Amino acid sequence: MTTLLLATVGAILTLCVYSFLYKDNPFYKFAEHLVVGVSAGYYLVIYTFNFIVPNVTDPVFTLNLGGEAIRLGGLDWWMALAPGLLGLLLYTRFFPKIAWIGRWPLGIYVGGYAGLGISPVMQARVINQLRAGATPLAGTPDPFANMTNVCLGLVIFIAVTYLLLVKRQLGARNTGAKVGIVALAALVGYGGYVALSALSGAGVVNLTNVMLVVGLLGTLTYFFFSMRHTGVLGVLARIGIVFLMVGFGASFGYTVMSRISLLIGRVGFLIDWVGMFFS
Amino acid sequence: MSWYDWLLGIDRRWIFLTIAIAVVIPFFAPLGLPVVVTPPVQNLYDAVEALEPDGKPLLLSIDYTPATSPELEPMSSGVLRHAFRKDIPVIVMTLHPAGYGMAESAILAAAEEFGKEYGEDYVFLGFQPGTSAVILGLGVNIRTVFPEDAYGTPLSELPVMEGIRNYDDVSLLITFAGWSAAEAWIYYAHQPSGQIVGAGVTAVMATDYYPYLDAGQLVGLLGGMRGAAEYERLIDRPDAGARGMDSQSVIHLIIILLIVLGNAAYFASRRARRLAQARGEI
């Protein structure tokens with residue numbers, strides 16, 4: 001019964017939120033404010049009892065209340081009191097005359113985290129990524145060979161179609177000829193795919209790594225603004241744009257998938273909720 | 001009115017309704033579209049599969065909130081089922097305050113399904129704030145970060161935690177995160193300690209994590225609901241991930257169609273406007 005009641009509350013709130021898709025309305029506003037209020041309350045309780053109580057108030061006040069956990073004035077006591085006081089100093093921002101004191105804890109916080117983070121982040125995001133970029137172009141197994149070859153086959157098809165149909169305007173006035181040119185380009189693209197697969201299969205070249213290196217150099221060149229993008233630099237920068245666009249496209253596709261997943265999750269919940277009344 | 005004007009002026013609520021119908025129908029009439037397993041998912045599965053039964057525990061950090069649970073909950077459930085099926089001890093924790101309930105419900109459901117006993121086969125450490133400090137602290141001594149489990153029992157009283165001191169005693173670490181927690185695990189667990197890390201992230205985050213995968217900083221990656229569905233296929237236990245993939249595929253087709261139609265209508269209207277301008281009509 002409790003499960004059904006909670007599910008019903010959840011379902012009603014879900015419908016309140018989705019009612020916004022029709023137009024803004026009081027039901028949506030109610031659900032919106034409820035989420036903000038409940039979240040603020042939840043986080044306050046969790047942070048208070050998981051962080052402030054065990055790390056600050058318990059160590060500082062236990063002794064005064066007759067506890068024996070930490071010696072008054074000892075290192076542990078100060079280690080609990082000092083961060084607590086620094087945290088309180090953050091609230092001086094509410095008083096303009098002494099607001100500057102609030103920069104001290106912020107400075108300690110930022111400095112501490114910079115010290116903790118610089119080395120591992122540098123290792124993870126720069127050194128290891130550089131190492132991964134220095135990759136062999138042949139003689140290594142390529143788990144993504146088929147996907148790469150399909151993509152390159154498609155690129156060949158599009159390039160041939162563009163060159164023959166748009167650039168040369170072959171058969172531009174005749175629909176039958178246009179179809180023939182597209183079919184020819186498809187054949188060339190498929191031939192390219194077969195040839196590239198044979199090369200990858202024989203270990204002559206690792207095309208995924210070649211694409212990685214070309215894409216890396218092209219993208220870096222695109223963001224290199226100290227020289228005019230002409231000649232070789234211009235070609236590389238244009239290749240970089242293509243790779244950037246492919247990257248943005250993948251991100252967009254994944255973003256759509258992510259948002260739709262949330263909708264699917266909610267719809268699944270609503271269907272399960274309706275099912276509860278019949279089970 | 002021309003077709004492109006009609007299309008460009010269509011009330012967007014019709015699109016919302018179309019999407020809603022497209023989501024609902026596959027729930028009642030599953031299409032059974034195939035789910036092909038990709039190498040990043042296969043790699044994570046292989047990493048769990050390679051763990052020894054009753055050996056070093058698997059550390060799972062369930063770092064997602066209810067907002068991202070439709071994508072990440074099927075992943076965590078899939079990995080938990082895989083681990084319990086292989087009798088791998090599991091330590092569960094969370095770096096997000098809202099992850100507490102998510103982690104607890106996921107592990108309780110999986111433990112009940114496989115008849116696992118709390119403290120013997122698995123443990124739930126709960127939540128500790130301070131992401132990077134927590135991760136670095138676990139590399140030194142788990143007990144200084146989590147002196148007790150989520151229910152107040154000292155770790156020394158839990159058999160599953162016997163001999164577990166830091167990352168050296170953990171076989172594999174997998175994080176399920178809807179925020180930057182997965183990056184934090186790479187920075188502060190993999191880099192300093194060499195801990196093997198796997199990740200399950202929301203689809204919107206997945207492209208950001210492929211570089212880490214290619215650089216060997218992640219052993220495997222589950223991206224969004226699709227990643228969950230692939231993992232469910234590997235463990236032969238279809239659940240929420242697989243259930244949603246039919247709707248996902250149908251909606252993607254509709255969105256592609258809408259993008260094509262929208263672009264066609266835009267270019268057609270632009271061409272018509274130029275022709276009208278050339279004729280001096282506007």
# chains A, B, ... in the order shown; residues from 1 in each chain; ligands from 1

$ interface_residues --of "chain A" --to "chain B" --cutoff "10 Å" --atoms "only C-alpha atoms" --output "VMD selection string"
chain A and resid 21 to 23 39 42 to 47 50 to 51 113 116 to 125 128 to 133 143 to 144 247 to 248 250 to 269 271

$ residues_around --residues "Val92 of chain B" --least-positions-apart "4" --cutoff "6 Å" --atoms "only C-alpha atoms" --output "ChimeraX atom specification"
/B:59-61,124

$ select_by_dssp --residues "segment 47-280 of chain B" --states "strand (DSSP E or B)" --output "VMD selection string"
chain B and resid 58 to 63 90 to 94 118 122 to 127 148 154 172 to 177 197 to 201 221 to 223

$ write_last_selection --atoms "N, CA and C atoms" --output "tab-separated table (two decimals), in the first residue's frame"
chain	number	residue	atom	x	y	z
B	58	LEU	N	35.29	-6.10	-5.50
B	58	LEU	CA	35.01	-5.11	-6.53
B	58	LEU	C	34.47	-3.87	-5.83
B	59	LEU	N	35.05	-2.71	-6.10
B	59	LEU	CA	34.58	-1.46	-5.48
B	59	LEU	C	33.68	-0.73	-6.47
B	60	LEU	N	32.43	-0.54	-6.09
B	60	LEU	CA	31.48	0.18	-6.95
B	60	LEU	C	31.14	1.52	-6.31
B	61	SER	N	31.34	2.58	-7.07
B	61	SER	CA	30.94	3.89	-6.57
B	61	SER	C	29.71	4.33	-7.36
B	62	ILE	N	28.59	4.32	-6.68
B	62	ILE	CA	27.31	4.64	-7.34
B	62	ILE	C	27.06	6.12	-7.15
B	63	ASP	N	27.52	6.89	-8.14
B	63	ASP	CA	27.57	8.35	-7.99
B	63	ASP	C	26.49	9.05	-8.79
B	90	VAL	N	31.63	-7.47	-3.00
B	90	VAL	CA	31.37	-6.13	-3.52
B	90	VAL	C	31.35	-5.11	-2.38
B	91	ILE	N	32.08	-4.00	-2.61
B	91	ILE	CA	32.02	-2.85	-1.69
B	91	ILE	C	31.34	-1.72	-2.46
B	92	VAL	N	30.28	-1.18	-1.89
B	92	VAL	CA	29.54	-0.10	-2.56
B	92	VAL	C	29.65	1.18	-1.75
B	93	MET	N	29.84	2.29	-2.43
B	93	MET	CA	29.90	3.60	-1.78
B	93	MET	C	29.34	4.64	-2.74
B	94	THR	N	29.24	5.87	-2.28
B	94	THR	CA	28.80	6.95	-3.17
B	94	THR	C	29.50	8.25	-2.80
B	118	TYR	N	24.58	-9.52	3.84
B	118	TYR	CA	25.27	-8.27	4.14
B	118	TYR	C	26.43	-8.52	5.11
B	122	TYR	N	28.85	-8.57	0.73
B	122	TYR	CA	28.89	-7.18	0.27
B	122	TYR	C	28.74	-6.23	1.45
B	123	VAL	N	29.13	-4.99	1.20
B	123	VAL	CA	29.00	-3.97	2.23
B	123	VAL	C	28.66	-2.64	1.57
B	124	PHE	N	27.91	-1.82	2.28
B	124	PHE	CA	27.56	-0.50	1.77
B	124	PHE	C	28.17	0.54	2.71
B	125	LEU	N	29.14	1.30	2.19
B	125	LEU	CA	29.86	2.26	3.03
B	125	LEU	C	29.13	3.58	3.19
B	126	GLY	N	28.21	3.87	2.30
B	126	GLY	CA	27.47	5.13	2.40
B	126	GLY	C	28.13	6.27	1.67
B	127	PHE	N	27.88	7.49	2.16
B	127	PHE	CA	28.34	8.70	1.48
B	127	PHE	C	29.35	9.45	2.33
B	148	GLU	N	33.10	3.55	9.63
B	148	GLU	CA	31.94	2.67	9.79
B	148	GLU	C	31.24	2.51	8.46
B	154	PRO	N	31.24	-0.69	12.70
B	154	PRO	CA	32.67	-0.51	12.39
B	154	PRO	C	33.13	-1.52	11.33
B	172	LEU	N	39.04	-4.20	-8.79
B	172	LEU	CA	38.57	-3.34	-9.87
B	172	LEU	C	37.64	-2.30	-9.28
B	173	LEU	N	37.69	-1.12	-9.85
B	173	LEU	CA	36.82	-0.03	-9.36
B	173	LEU	C	35.94	0.41	-10.52
B	174	ILE	N	34.65	0.44	-10.30
B	174	ILE	CA	33.74	0.93	-11.35
B	174	ILE	C	32.88	2.03	-10.77
B	175	THR	N	32.84	3.15	-11.48
B	175	THR	CA	31.99	4.26	-11.05
B	175	THR	C	30.85	4.44	-12.03
B	176	PHE	N	29.68	4.72	-11.48
B	176	PHE	CA	28.51	5.03	-12.32
B	176	PHE	C	28.14	6.47	-11.99
B	177	ALA	N	28.39	7.37	-12.93
B	177	ALA	CA	28.30	8.78	-12.58
B	177	ALA	C	27.56	9.59	-13.62
B	197	VAL	N	40.31	1.30	-13.35
B	197	VAL	CA	39.01	1.97	-13.23
B	197	VAL	C	38.16	1.70	-14.48
B	198	GLY	N	36.89	1.39	-14.24
B	198	GLY	CA	35.90	1.31	-15.32
B	198	GLY	C	34.82	2.33	-15.03
B	199	ALA	N	34.05	2.70	-16.05
B	199	ALA	CA	33.04	3.74	-15.81
B	199	ALA	C	31.76	3.48	-16.57
B	200	GLY	N	30.67	3.87	-15.95
B	200	GLY	CA	29.38	3.92	-16.62
B	200	GLY	C	28.89	5.35	-16.51
B	201	VAL	N	28.70	6.00	-17.63
B	201	VAL	CA	28.33	7.41	-17.59
B	201	VAL	C	27.08	7.65	-18.44
B	221	LEU	N	33.96	1.14	-20.77
B	221	LEU	CA	33.05	2.26	-20.62
B	221	LEU	C	31.64	1.86	-21.06
B	222	LEU	N	30.66	2.18	-20.21
B	222	LEU	CA	29.26	2.02	-20.58
B	222	LEU	C	28.70	3.41	-20.81
B	223	GLY	N	28.18	3.67	-22.00
B	223	GLY	CA	27.66	5.00	-22.31
B	223	GLY	C	26.15	5.00	-22.45

$ residues_around --residues "segment 162-165 of chain B" --least-positions-apart "2" --cutoff "6 Å" --atoms "only C-alpha atoms" --output "PyMOL selection string"
chain B and resi 141-142+159-160+169

$ closest_residue --among "A:Phe243, A:Lys167, A:Leu90, A:Leu270" --to "Ile12 of chain A" --atoms "only C-alpha atoms"
A:Leu270

$ atom_distance --atom1 "atom CA of Ile181 of chain A" --atom2 "atom CA of Ser197 of chain A"
24.1 Å
